[in-house]
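A.B. asks: mmCIF, C-alpha atoms, file start_34.cif:
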data_my_file
#
loop_
_atom_site.label_atom_id
_atom_site.label_comp_id
_atom_site.auth_asym_id
_atom_site.auth_seq_id
_atom_site.Cartn_x
_atom_site.Cartn_y
_atom_site.Cartn_z
CA MET G 1 13.89 17.61 -46.56
CA THR G 2 10.49 19.38 -46.26
CA VAL G 3 7.72 16.99 -45.14
CA GLY G 4 4.93 19.49 -44.58
CA TYR G 5 3.91 22.79 -43.05
CA THR G 6 2.77 23.93 -39.61
CA PRO G 7 -0.65 25.65 -39.14
CA ALA G 8 1.29 28.93 -39.21
CA GLY G 9 2.69 28.10 -42.65
CA LYS G 10 6.22 27.33 -41.50
CA ARG G 11 8.00 24.46 -43.23
CA ILE G 12 8.54 21.21 -41.32
CA VAL G 13 12.05 20.09 -42.19
CA LYS G 14 13.42 16.68 -41.25
CA LYS G 15 17.02 15.61 -41.42
CA ALA G 16 18.79 12.28 -41.13
CA SER G 17 22.43 11.45 -40.62
CA GLY G 18 24.53 8.32 -40.63
CA LYS G 19 28.09 7.06 -40.86
CA THR G 20 27.66 6.55 -44.60
CA LYS G 21 25.60 8.21 -47.31
CA THR G 22 23.59 5.00 -47.76
CA GLU G 23 22.76 4.85 -44.05
CA ALA G 24 21.67 8.50 -44.01
CA LYS G 25 19.40 7.96 -47.04
CA ALA G 26 17.84 4.89 -45.41
CA LYS G 27 17.04 6.85 -42.26
CA LEU G 28 15.57 9.71 -44.29
CA LYS G 29 13.39 7.27 -46.24
CA GLU G 30 12.12 5.85 -42.95
CA ILE G 31 11.18 9.32 -41.74
CA ILE G 32 9.33 10.07 -45.00
CA ARG G 33 7.51 6.70 -44.90
CA ASP G 34 6.34 7.29 -41.34
CA TYR G 35 5.13 10.76 -42.22
CA GLU G 36 3.19 9.52 -45.26
CA ASP G 37 1.64 6.73 -43.17
CA GLY G 38 0.41 9.32 -40.67
CA LEU G 39 2.76 8.15 -37.93
CA ALA G 40 4.52 10.49 -35.54
CA ILE G 41 8.15 11.10 -36.32
CA ALA G 42 9.90 10.23 -33.09
CA PRO G 43 12.97 12.26 -32.17
CA THR G 44 16.26 10.37 -32.41
CA ASN G 45 17.91 11.99 -29.39
CA TYR G 46 15.16 11.40 -26.77
CA THR G 47 16.41 9.01 -24.09
CA VAL G 48 14.78 6.71 -21.56
CA ALA G 49 16.01 9.05 -18.81
CA ASP G 50 14.20 11.97 -20.48
CA ALA G 51 10.95 9.98 -20.56
CA VAL G 52 11.24 8.83 -16.94
CA ARG G 53 12.08 12.28 -15.61
CA TYR G 54 9.18 13.83 -17.53
CA TRP G 55 6.73 11.30 -16.09
CA LEU G 56 8.04 11.77 -12.55
CA GLU G 57 7.54 15.52 -12.88
CA HIS G 58 4.17 15.53 -14.64
CA GLY G 59 2.55 12.14 -14.04
CA LEU G 60 2.30 11.99 -10.24
CA GLY G 61 0.08 14.96 -9.53
CA ALA G 62 -2.51 13.16 -7.37
CA ARG G 63 -0.03 11.06 -5.38
CA SER G 64 1.02 11.70 -1.79
CA ASP G 65 4.45 13.15 -1.00
CA ALA G 66 5.58 9.76 0.32
CA THR G 67 4.55 8.02 -2.93
CA VAL G 68 6.29 10.64 -5.08
CA LYS G 69 9.45 10.24 -3.02
CA MET G 70 9.30 6.44 -3.36
CA TYR G 71 8.89 6.58 -7.15
CA ASN G 72 11.77 9.04 -7.49
CA THR G 73 14.01 6.87 -5.32
CA TYR G 74 13.32 3.71 -7.32
CA ALA G 75 13.72 5.53 -10.62
CA SER G 76 17.03 7.17 -9.70
CA LYS G 77 18.43 3.98 -8.18
CA HIS G 78 17.19 1.24 -10.53
CA VAL G 79 15.78 2.61 -13.79
CA ILE G 80 17.85 5.58 -14.92
CA PRO G 81 21.34 4.17 -14.11
CA ALA G 82 20.62 0.97 -16.06
CA LEU G 83 18.57 2.20 -19.04
CA GLY G 84 18.64 6.00 -18.89
CA ALA G 85 21.27 6.56 -21.60
CA ARG G 86 19.44 4.34 -24.10
CA LYS G 87 17.68 6.17 -26.94
CA LEU G 88 13.98 5.62 -26.34
CA ARG G 89 13.25 4.69 -29.96
CA ASP G 90 16.00 2.03 -29.77
CA LEU G 91 14.76 0.45 -26.51
CA SER G 92 13.85 -3.18 -27.16
CA VAL G 93 11.99 -5.95 -25.38
CA GLU G 94 15.30 -7.74 -24.98
CA ASP G 95 16.79 -4.70 -23.22
CA VAL G 96 13.94 -4.61 -20.71
CA ASP G 97 13.91 -8.39 -20.16
CA LYS G 98 17.64 -8.44 -19.45
CA TRP G 99 17.33 -5.45 -17.12
CA LEU G 100 14.53 -7.04 -15.09
CA ALA G 101 16.33 -10.40 -14.99
CA GLY G 102 19.43 -8.70 -13.64
CA LYS G 103 17.40 -7.23 -10.77
CA THR G 104 15.89 -10.52 -9.55
CA SER G 105 18.69 -11.23 -7.10
CA GLU G 106 18.50 -7.70 -5.71
CA LEU G 107 14.78 -6.90 -5.50
CA GLY G 108 11.63 -8.69 -4.40
CA THR G 109 8.73 -9.30 -6.78
CA ARG G 110 6.80 -6.27 -5.52
CA SER G 111 9.79 -4.00 -6.17
CA LEU G 112 10.27 -5.51 -9.63
CA LYS G 113 6.63 -4.71 -10.41
CA LEU G 114 7.22 -1.16 -9.20
CA ILE G 115 10.27 -0.44 -11.39
CA HIS G 116 8.53 -2.08 -14.37
CA ASP G 117 5.53 0.15 -13.71
CA ILE G 118 7.72 3.27 -13.60
CA LEU G 119 9.27 2.45 -16.96
CA ASN G 120 5.98 1.33 -18.49
CA ARG G 121 4.13 4.50 -17.51
CA SER G 122 7.03 6.67 -18.60
CA VAL G 123 7.06 5.14 -22.09
CA LYS G 124 3.25 5.38 -22.35
CA SER G 125 3.52 9.06 -21.49
CA ALA G 126 6.18 9.46 -24.16
CA MET G 127 3.93 7.72 -26.71
CA ARG G 128 1.15 10.20 -26.02
CA ARG G 129 3.61 12.99 -26.76
CA ASP G 130 4.85 11.38 -30.00
CA LYS G 131 8.31 10.67 -28.63
CA VAL G 132 8.17 6.98 -29.53
CA LYS G 133 5.95 4.81 -31.75
CA ARG G 134 5.27 1.84 -29.46
CA ASN G 135 5.68 0.72 -25.87
CA VAL G 136 7.98 -2.31 -25.75
CA VAL G 137 7.82 -2.38 -21.93
CA ASP G 138 4.18 -3.44 -22.09
CA LEU G 139 5.26 -6.62 -23.88
CA CYS G 140 7.62 -7.75 -21.11
CA ASP G 141 6.76 -10.21 -18.34
CA ILE G 142 7.82 -9.48 -14.77
CA PRO G 143 9.99 -12.26 -13.31
CA GLU G 144 9.85 -13.57 -9.74
CA GLY G 145 12.10 -11.56 -7.48
CA ARG G 146 14.17 -12.36 -4.44
CA ALA G 147 12.22 -14.12 -1.71
CA GLY G 148 11.34 -11.75 1.11
CA ARG G 149 10.69 -12.44 4.76
CA PRO G 150 7.43 -14.39 4.91
CA SER G 151 4.70 -12.91 7.06
CA LYS G 152 3.92 -14.85 10.18
CA ALA G 153 1.40 -14.89 12.98
CA LEU G 154 1.61 -15.05 16.76
CA THR G 155 0.52 -18.27 18.38
CA LEU G 156 -2.24 -17.97 20.95
CA ALA G 157 0.31 -18.17 23.77
CA GLN G 158 2.48 -15.50 22.15
CA ALA G 159 -0.55 -13.29 21.50
CA LEU G 160 -1.56 -13.51 25.16
CA ALA G 161 1.99 -12.65 26.23
CA VAL G 162 2.03 -9.58 23.94
CA LEU G 163 -1.40 -8.49 25.19
CA THR G 164 -0.27 -8.84 28.80
CA GLN G 165 2.81 -6.69 28.19
CA ALA G 166 0.81 -4.12 26.23
CA GLU G 167 -1.68 -3.75 29.06
CA GLN G 168 1.16 -3.03 31.47
CA GLY G 169 2.56 -0.23 29.31
CA GLY G 170 1.40 3.12 27.99
CA GLU G 171 -2.21 3.69 27.06
CA ARG G 172 -1.60 4.49 23.39
CA MET G 173 0.35 1.36 22.49
CA ARG G 174 -1.91 -0.74 24.71
CA ALA G 175 -4.98 0.34 22.76
CA TYR G 176 -3.16 0.04 19.43
CA ILE G 177 -2.06 -3.54 20.01
CA VAL G 178 -5.37 -4.63 21.54
CA LEU G 179 -7.39 -3.26 18.62
CA SER G 180 -4.99 -4.62 15.99
CA LEU G 181 -5.08 -8.09 17.48
CA LEU G 182 -8.74 -8.27 18.47
CA ILE G 183 -10.48 -6.63 15.49
CA GLY G 184 -7.89 -7.18 12.72
CA ALA G 185 -7.73 -3.58 11.49
CA ARG G 186 -4.87 -2.54 9.23
CA THR G 187 -2.20 -0.31 10.75
CA GLU G 188 -3.04 2.40 8.22
CA GLU G 189 -6.70 2.25 9.33
CA LEU G 190 -5.94 2.54 13.04
CA ARG G 191 -3.60 5.48 12.58
CA ALA G 192 -6.47 7.36 10.88
CA LEU G 193 -9.20 6.30 13.36
CA LEU G 194 -11.27 9.18 14.79
CA TRP G 195 -12.99 9.38 18.17
CA SER G 196 -16.18 10.29 16.32
CA HIS G 197 -15.98 6.80 14.77
CA VAL G 198 -15.81 5.07 18.15
CA VAL G 199 -19.49 4.59 18.97
CA ALA G 200 -21.75 3.12 21.64
CA TYR G 201 -25.29 1.80 21.26
CA ASP G 202 -27.64 4.11 23.13
CA GLN G 203 -30.71 2.00 23.98
CA ALA G 204 -32.74 5.04 24.96
CA ARG G 205 -32.29 6.56 21.50
CA THR G 206 -31.93 3.19 19.72
CA ALA G 207 -28.92 4.52 17.83
CA TRP G 208 -25.14 4.16 17.58
CA LEU G 209 -23.61 7.43 18.78
CA PRO G 210 -20.00 8.63 19.40
CA VAL G 211 -18.68 7.87 22.90
CA ALA G 212 -17.56 11.49 23.12
CA GLN G 213 -21.27 12.36 23.03
CA VAL G 214 -22.91 9.57 25.06
CA GLY G 215 -20.08 8.36 27.31
CA TRP G 216 -18.91 4.87 28.20
CA GLU G 217 -21.79 3.62 30.36
CA HIS G 218 -23.23 1.32 27.71
CA ASP G 219 -23.17 -2.38 26.90
CA GLU G 220 -22.23 -2.41 23.21
CA PHE G 221 -19.52 -0.53 21.37
CA ALA G 222 -18.22 -0.45 17.80
CA VAL G 223 -15.76 1.31 15.50
CA TYR G 224 -16.36 2.61 12.00
CA VAL G 225 -13.33 1.61 9.93
CA TRP G 226 -14.04 4.15 7.24
CA ARG G 227 -10.69 5.93 6.83
CA SER G 228 -6.98 5.28 6.38
CA VAL G 229 -3.79 7.32 6.12
CA ARG G 230 -3.79 6.81 2.34
CA GLN G 231 -4.05 9.77 -0.01
CA LYS G 232 -7.52 11.38 0.32
CA GLY G 233 -8.19 9.24 3.42
CA ASP G 234 -9.81 6.36 1.53
CA THR G 235 -9.61 2.77 2.74
CA LYS G 236 -7.68 0.25 0.65
CA THR G 237 -10.82 -1.05 -1.11
CA VAL G 238 -14.56 -0.43 -0.98
CA ARG G 239 -15.04 -3.65 1.05
CA SER G 240 -12.42 -2.42 3.52
CA ARG G 241 -14.92 0.20 4.68
CA ARG G 242 -16.67 -1.64 7.50
CA SER G 243 -18.18 -1.31 10.98
CA LEU G 244 -16.93 -3.67 13.68
CA LYS G 245 -18.31 -4.42 17.10
CA LEU G 246 -15.66 -4.05 19.80
CA PRO G 247 -14.67 -6.82 22.24
CA GLN G 248 -14.75 -5.68 25.88
CA ARG G 249 -10.97 -5.73 26.12
CA CYS G 250 -10.85 -3.14 23.31
CA VAL G 251 -13.44 -0.99 25.06
CA ALA G 252 -11.41 -0.96 28.29
CA ALA G 253 -8.22 -0.03 26.41
CA LEU G 254 -9.92 2.80 24.48
CA ARG G 255 -11.52 4.19 27.63
CA LEU G 256 -8.13 4.40 29.35
CA LEU G 257 -6.62 5.98 26.25
CA LYS G 258 -9.34 8.65 26.09
CA ASP G 259 -8.76 9.58 29.74
CA ALA G 260 -5.00 9.80 29.19
CA GLN G 261 -5.51 11.84 26.04
CA ASP G 262 -7.76 14.34 27.84
CA ILE G 263 -5.00 14.88 30.42
CA ALA G 264 -2.40 15.31 27.65
CA GLN G 265 -4.64 17.87 25.94
CA GLU G 266 -4.86 19.94 29.12
CA LYS G 267 -1.07 19.87 29.51
CA ALA G 268 -0.47 20.81 25.89
CA GLY G 269 -2.78 23.81 26.04
CA ASP G 270 -2.52 25.94 22.89
CA ARG G 271 -0.05 23.48 21.36
CA TRP G 272 -2.78 20.83 21.08
CA LYS G 273 -3.99 20.13 17.53
CA ALA G 274 -7.67 19.24 17.59
CA MET G 275 -7.70 16.52 14.92
CA ASP G 276 -9.98 14.06 16.78
CA LEU G 277 -7.44 11.26 16.29
CA VAL G 278 -7.63 8.21 18.54
CA PHE G 279 -3.91 7.52 18.11
CA CYS G 280 -1.91 10.73 18.24
CA THR G 281 1.18 12.34 19.73
CA ARG G 282 1.26 14.37 22.97
CA THR G 283 0.12 17.41 20.99
CA GLY G 284 -2.66 15.72 19.03
CA THR G 285 -0.77 15.28 15.74
CA PRO G 286 -0.79 11.99 13.77
CA VAL G 287 1.59 9.21 14.81
CA THR G 288 3.91 7.92 12.09
CA ALA G 289 4.48 4.33 11.04
CA HIS G 290 7.96 4.63 12.57
CA ASN G 291 6.49 5.67 15.95
CA VAL G 292 4.18 2.67 15.95
CA ARG G 293 6.84 0.18 14.83
CA ARG G 294 9.33 1.37 17.44
CA ASP G 295 6.88 1.19 20.36
CA PHE G 296 5.41 -2.11 19.15
CA ARG G 297 8.81 -3.79 19.06
CA LYS G 298 9.51 -2.69 22.63
CA VAL G 299 6.36 -4.50 23.74
CA VAL G 300 7.27 -7.59 21.71
CA GLU G 301 10.73 -7.68 23.31
CA ALA G 302 9.18 -7.42 26.76
CA ALA G 303 6.94 -10.38 25.85
CA GLY G 304 10.01 -12.57 25.30
CA LEU G 305 10.12 -12.37 21.47
CA THR G 306 12.73 -10.81 19.16
CA GLY G 307 11.37 -7.36 18.35
CA ARG G 308 13.14 -6.84 15.02
CA GLU G 309 11.55 -10.05 13.68
CA TRP G 310 8.01 -8.71 14.06
CA SER G 311 6.07 -5.82 12.54
CA PRO G 312 2.71 -4.28 13.56
CA ARG G 313 0.94 -5.60 10.44
CA GLU G 314 1.49 -9.15 11.69
CA LEU G 315 -1.01 -8.50 14.46
CA ARG G 316 -3.60 -8.59 11.67
CA HIS G 317 -2.19 -11.93 10.48
CA SER G 318 -2.41 -13.16 14.07
CA PHE G 319 -6.07 -12.08 14.21
CA VAL G 320 -6.79 -14.26 11.18
CA SER G 321 -4.77 -17.16 12.59
CA VAL G 322 -6.46 -17.16 16.00
CA LEU G 323 -9.95 -16.98 14.48
CA SER G 324 -9.19 -19.75 11.99
CA ASP G 325 -7.76 -22.01 14.70
CA SER G 326 -10.91 -21.46 16.78
CA GLY G 327 -13.11 -22.67 13.90
CA VAL G 328 -14.47 -19.38 12.50
CA ALA G 329 -15.48 -19.79 8.85
CA ILE G 330 -13.23 -18.27 6.18
CA GLU G 331 -16.20 -16.27 4.82
CA ASP G 332 -16.66 -14.56 8.20
CA ILE G 333 -12.94 -13.88 8.59
CA SER G 334 -12.86 -12.36 5.11
CA ARG G 335 -15.67 -9.93 5.99
CA LEU G 336 -14.04 -8.98 9.29
CA VAL G 337 -10.70 -8.08 7.72
CA GLY G 338 -12.38 -6.22 4.83
CA HIS G 339 -11.34 -8.42 1.91
CA SER G 340 -13.30 -8.35 -1.32
CA ASN G 341 -13.64 -12.14 -1.32
CA THR G 342 -12.31 -15.27 0.36
CA VAL G 343 -9.74 -15.81 -2.39
CA VAL G 344 -7.84 -12.73 -1.17
CA THR G 345 -7.94 -13.99 2.42
CA GLU G 346 -6.80 -17.47 1.47
CA THR G 347 -3.98 -16.12 -0.76
CA VAL G 348 -2.60 -13.36 1.45
CA TYR G 349 -3.01 -15.28 4.69
CA ARG G 350 -2.45 -18.80 3.35
CA HIS G 351 -0.03 -19.63 6.19
CA GLN G 352 -2.56 -18.58 8.83
CA ILE G 353 -5.69 -20.29 7.45
CA ARG G 354 -6.43 -23.81 8.62
CA PRO G 355 -6.97 -25.98 5.50
CA VAL G 356 -10.59 -26.88 4.79
CA ILE G 357 -9.52 -30.45 3.96
CA MET G 358 -8.66 -30.99 7.62
CA GLN G 359 -12.16 -29.92 8.64
CA GLY G 360 -13.68 -32.29 6.09
CA ALA G 361 -11.62 -35.23 7.37
CA ALA G 362 -12.59 -34.48 10.97
CA ALA G 363 -16.26 -34.38 9.97
CA MET G 364 -16.02 -37.75 8.16
CA ASP G 365 -14.32 -39.35 11.17
CA LYS G 366 -17.13 -38.07 13.39
CA ILE G 367 -19.85 -39.36 11.03
CA PHE G 368 -18.43 -42.73 10.07
CA GLY G 369 -15.93 -43.38 12.84
CA SER G 370 -12.18 -43.84 12.57
#
Show me, as structure tokens, the structure contained in the file I just sent.

C.D. replies:
Amino acid sequence: MTVGYTPAGKRIVKKASGKTKTEAKAKLKEIIRDYEDGLAIAPTNYTVADAVRYWLEHGLGARSDATVKMYNTYASKHVIPALGARKLRDLSVEDVDKWLAGKTSELGTRSLKLIHDILNRSVKSAMRRDKVKRNVVDLCDIPEGRAGRPSKALTLAQALAVLTQAEQGGERMRAYIVLSLLIGARTEELRALLWSHVVAYDQARTAWLPVAQVGWEHDEFAVYVWRSVRQKGDTKTVRSRRSLKLPQRCVAALRLLKDAQDIAQEKAGDRWKAMDLVFCTRTGTPVTAHNVRRDFRKVVEAAGLTGREWSPRELRHSFVSVLSDSGVAIEDISRLVGHSNTVVTETVYRHQIRPVIMQGAAAMDKIFGS
């Protein structure tokens, strides 16, 4: 049946088929009604897999290679095998709810959010291209997934043991662990740290200047946590961009690392990549998360702990825990770790923060007696 004409004057013909003549007529009437109402006439043979693959190919332009690979892996493993053959126009809320519910024993909540996001964005992209009339995925709630390994923090005794072992090892991992534990920087921030962002306060010039320019013979040092290994080099949030004064133990570790790096640069010669990275390989290239995790676990094992049970990001949790146990206010801890507010700190690090109620009770006992 002709439902209109293209700008070039060609007829727009729509067909409908069914098992019976009545069913075919009903489908054709639906097509005509949608056309008269000004709605897009969605194709009947467009599948969920078609929508997902289109979005993966055209909707991830600004993402890093690692992010694109992750999305493709989750889509090919969890989305397309389960829902891919379904006609997109026939996809229902019930289909999506059942699919997500079936994944709760297999995936954590974060992964469930990710596969829901893949499907949701794919259907939105299809809507923009008139492949489907509405996005049923947007109507679905994401269930709680499988419980993951809870993050934990080193006790003060464990932290001291790890520091001791780190200071007996190589300069790179020594500095990495000392900075992670003593300033609470994220692993992604340390891996992107530049020597030009390690600064000393020059009293003669009354200015903070890079140690590469003014040397180490100063009293105060700081780091500018302004970058990360994320796409485009941005930090996680605007508040994550911060400047932190360095404890003396950090200064000593960085000074040793710089000396060792200068020697490595001489040995590498033309193979050295001048990227100004504080934490780099023997040829100046960036270290990977795998490099850091492997070397960190060796230090943890040497400190008497089980290496596979710990990850580098838990040094940041330990930083929060040690400060909280020593009585530092949650507002100050939040600023140091670069959170947008104390709610984030209290939620993400709820196991490491000493409850305020305990402080209140201690104050009342001191005022009124026990």

A.B. asks: Quick one: residues within 6 Å of range 336-340 of chain G, all atoms listed in the file, excluding same-chain residues fewer than 2 positions away - as a VMD selection string?

C.D. replies: chain G and resid 184 239 to 240 333 to 334

A.B. asks: Would you save the residues of that selection, restricted to C-alpha atoms, as a PDB file, in the frame of the given file?

C.D. replies:
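Saved result, again_10.pdb, follows:
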ATOM      1  CA  GLY G 184      -7.890  -7.180  12.720  1.00  0.00           C
ATOM      2  CA  ARG G 239     -15.040  -3.650   1.050  1.00  0.00           C
ATOM      3  CA  SER G 240     -12.420  -2.420   3.520  1.00  0.00           C
ATOM      4  CA  ILE G 333     -12.940 -13.880   8.590  1.00  0.00           C
ATOM      5  CA  SER G 334     -12.860 -12.360   5.110  1.00  0.00           C
TER       6      SER G 334
END

A.B. asks: Please tell me which residues are no farther than 10 Å from (-12.5, 12.7, 16.2) in the file, counting only C-alpha atoms, and write them as JSON, numbers by chain.

C.D. replies: {"G": [192, 193, 194, 195, 196, 197, 198, 210, 212, 274, 275, 276, 277, 278]}

A.B. asks: Going by the chain IDs and residue numbers used in this file, which residues fall under the PyMOL selection byres ((chain G and resi 49) around 8)? Write them as a tab-separated table (two decimals) with C-alpha atoms, in the coordinates of the input.

C.D. replies:
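This went into part-v3.tsv:
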chain	number	residue	atom	x	y	z
G	47	THR	CA	16.41	9.01	-24.09
G	48	VAL	CA	14.78	6.71	-21.56
G	50	ASP	CA	14.20	11.97	-20.48
G	51	ALA	CA	10.95	9.98	-20.56
G	52	VAL	CA	11.24	8.83	-16.94
G	53	ARG	CA	12.08	12.28	-15.61
G	80	ILE	CA	17.85	5.58	-14.92
G	83	LEU	CA	18.57	2.20	-19.04
G	84	GLY	CA	18.64	6.00	-18.89
G	85	ALA	CA	21.27	6.56	-21.60
G	86	ARG	CA	19.44	4.34	-24.10

A.B. asks: Tell me which residues the PyMOL selection byres ((chain G and resi 320) around 12) grabs here, as a CSV table (one decimal) with C-alpha atoms, in the coordinates of the input.

C.D. replies:
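Now in expr_37.csv:
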chain,number,residue,atom,x,y,z
G,152,LYS,CA,3.9,-14.8,10.2
G,153,ALA,CA,1.4,-14.9,13.0
G,154,LEU,CA,1.6,-15.0,16.8
G,155,THR,CA,0.5,-18.3,18.4
G,156,LEU,CA,-2.2,-18.0,21.0
G,180,SER,CA,-5.0,-4.6,16.0
G,181,LEU,CA,-5.1,-8.1,17.5
G,182,LEU,CA,-8.7,-8.3,18.5
G,183,ILE,CA,-10.5,-6.6,15.5
G,184,GLY,CA,-7.9,-7.2,12.7
G,185,ALA,CA,-7.7,-3.6,11.5
G,313,ARG,CA,0.9,-5.6,10.4
G,314,GLU,CA,1.5,-9.2,11.7
G,315,LEU,CA,-1.0,-8.5,14.5
G,316,ARG,CA,-3.6,-8.6,11.7
G,317,HIS,CA,-2.2,-11.9,10.5
G,318,SER,CA,-2.4,-13.2,14.1
G,319,PHE,CA,-6.1,-12.1,14.2
G,321,SER,CA,-4.8,-17.2,12.6
G,322,VAL,CA,-6.5,-17.2,16.0
G,323,LEU,CA,-10.0,-17.0,14.5
G,324,SER,CA,-9.2,-19.8,12.0
G,325,ASP,CA,-7.8,-22.0,14.7
G,326,SER,CA,-10.9,-21.5,16.8
G,327,GLY,CA,-13.1,-22.7,13.9
G,328,VAL,CA,-14.5,-19.4,12.5
G,329,ALA,CA,-15.5,-19.8,8.8
G,330,ILE,CA,-13.2,-18.3,6.2
G,331,GLU,CA,-16.2,-16.3,4.8
G,332,ASP,CA,-16.7,-14.6,8.2
G,333,ILE,CA,-12.9,-13.9,8.6
G,334,SER,CA,-12.9,-12.4,5.1
G,335,ARG,CA,-15.7,-9.9,6.0
G,336,LEU,CA,-14.0,-9.0,9.3
G,337,VAL,CA,-10.7,-8.1,7.7
G,338,GLY,CA,-12.4,-6.2,4.8
G,339,HIS,CA,-11.3,-8.4,1.9
G,345,THR,CA,-7.9,-14.0,2.4
G,346,GLU,CA,-6.8,-17.5,1.5
G,348,VAL,CA,-2.6,-13.4,1.4
G,349,TYR,CA,-3.0,-15.3,4.7
G,350,ARG,CA,-2.4,-18.8,3.4
G,351,HIS,CA,0.0,-19.6,6.2
G,352,GLN,CA,-2.6,-18.6,8.8
G,353,ILE,CA,-5.7,-20.3,7.4
G,354,ARG,CA,-6.4,-23.8,8.6

A.B. asks: For this file, the PyMOL selection byres ((chain G and resi 147) around 8) selects which residues, as a PyMOL selection string?

C.D. replies: chain G and resi 108-109+145-146+148-149

A.B. asks: So how many Å separate CA of Gln261 in chain G and CA of Arg282 in chain G, to one decimal?

C.D. replies: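 About the pair CA of Gln261 in chain G and CA of Arg282 in chain G: they are 7.9 Å apart.
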
A.B. asks: Quick one: everything within 8 Å of Arg191 in chain G, counting all atoms listed in the file, minus sequence neighbours fewer than 6 positions away in the same chain. Send it as an MDAnalysis selection string.

C.D. replies: chainID G and resid 228:229 277:280 286:288

A.B. asks: Could you pull the residues within 12 Å of range 129-138 of chain G, counting only C-alpha atoms, minus those fewer than 6 positions along the same chain, as an mmCIF file with C-alpha atoms, keeping the file's coordinate frame?

C.D. replies:
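Final file, part_12.cif:
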data_model
loop_
_atom_site.group_PDB
_atom_site.id
_atom_site.type_symbol
_atom_site.label_atom_id
_atom_site.label_comp_id
_atom_site.auth_asym_id
_atom_site.auth_seq_id
_atom_site.Cartn_x
_atom_site.Cartn_y
_atom_site.Cartn_z
ATOM 1 C CA ASP G 34 6.340 7.290 -41.340
ATOM 2 C CA GLY G 38 0.410 9.320 -40.670
ATOM 3 C CA LEU G 39 2.760 8.150 -37.930
ATOM 4 C CA ALA G 40 4.520 10.490 -35.540
ATOM 5 C CA ILE G 41 8.150 11.100 -36.320
ATOM 6 C CA ALA G 42 9.900 10.230 -33.090
ATOM 7 C CA PRO G 43 12.970 12.260 -32.170
ATOM 8 C CA THR G 44 16.260 10.370 -32.410
ATOM 9 C CA ASN G 45 17.910 11.990 -29.390
ATOM 10 C CA TYR G 46 15.160 11.400 -26.770
ATOM 11 C CA THR G 47 16.410 9.010 -24.090
ATOM 12 C CA VAL G 48 14.780 6.710 -21.560
ATOM 13 C CA ASP G 50 14.200 11.970 -20.480
ATOM 14 C CA ALA G 51 10.950 9.980 -20.560
ATOM 15 C CA TYR G 54 9.180 13.830 -17.530
ATOM 16 C CA TRP G 55 6.730 11.300 -16.090
ATOM 17 C CA LYS G 87 17.680 6.170 -26.940
ATOM 18 C CA LEU G 88 13.980 5.620 -26.340
ATOM 19 C CA ARG G 89 13.250 4.690 -29.960
ATOM 20 C CA ASP G 90 16.000 2.030 -29.770
ATOM 21 C CA LEU G 91 14.760 0.450 -26.510
ATOM 22 C CA SER G 92 13.850 -3.180 -27.160
ATOM 23 C CA VAL G 93 11.990 -5.950 -25.380
ATOM 24 C CA GLU G 94 15.300 -7.740 -24.980
ATOM 25 C CA ASP G 95 16.790 -4.700 -23.220
ATOM 26 C CA VAL G 96 13.940 -4.610 -20.710
ATOM 27 C CA ASP G 97 13.910 -8.390 -20.160
ATOM 28 C CA LYS G 98 17.640 -8.440 -19.450
ATOM 29 C CA TRP G 99 17.330 -5.450 -17.120
ATOM 30 C CA LEU G 100 14.530 -7.040 -15.090
ATOM 31 C CA LYS G 113 6.630 -4.710 -10.410
ATOM 32 C CA ILE G 115 10.270 -0.440 -11.390
ATOM 33 C CA HIS G 116 8.530 -2.080 -14.370
ATOM 34 C CA ASP G 117 5.530 0.150 -13.710
ATOM 35 C CA ILE G 118 7.720 3.270 -13.600
ATOM 36 C CA LEU G 119 9.270 2.450 -16.960
ATOM 37 C CA ASN G 120 5.980 1.330 -18.490
ATOM 38 C CA ARG G 121 4.130 4.500 -17.510
ATOM 39 C CA SER G 122 7.030 6.670 -18.600
ATOM 40 C CA VAL G 123 7.060 5.140 -22.090
#

A.B. asks: Measuring atom to atom with all atoms listed in the file, identify which of G:Glu188, G:Arg174, G:Leu254, G:Gln248 is nearest to Arg227 in chain G.

C.D. replies: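 Answer, going by the shortest atom-to-atom distance: G:Glu188.
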
A.B. asks: Could you state the separation of CA of Ala24 in chain G and CA of Arg128 in chain G in Å, given to one decimal place?

C.D. replies: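 A separation of 27.3 Å between them.
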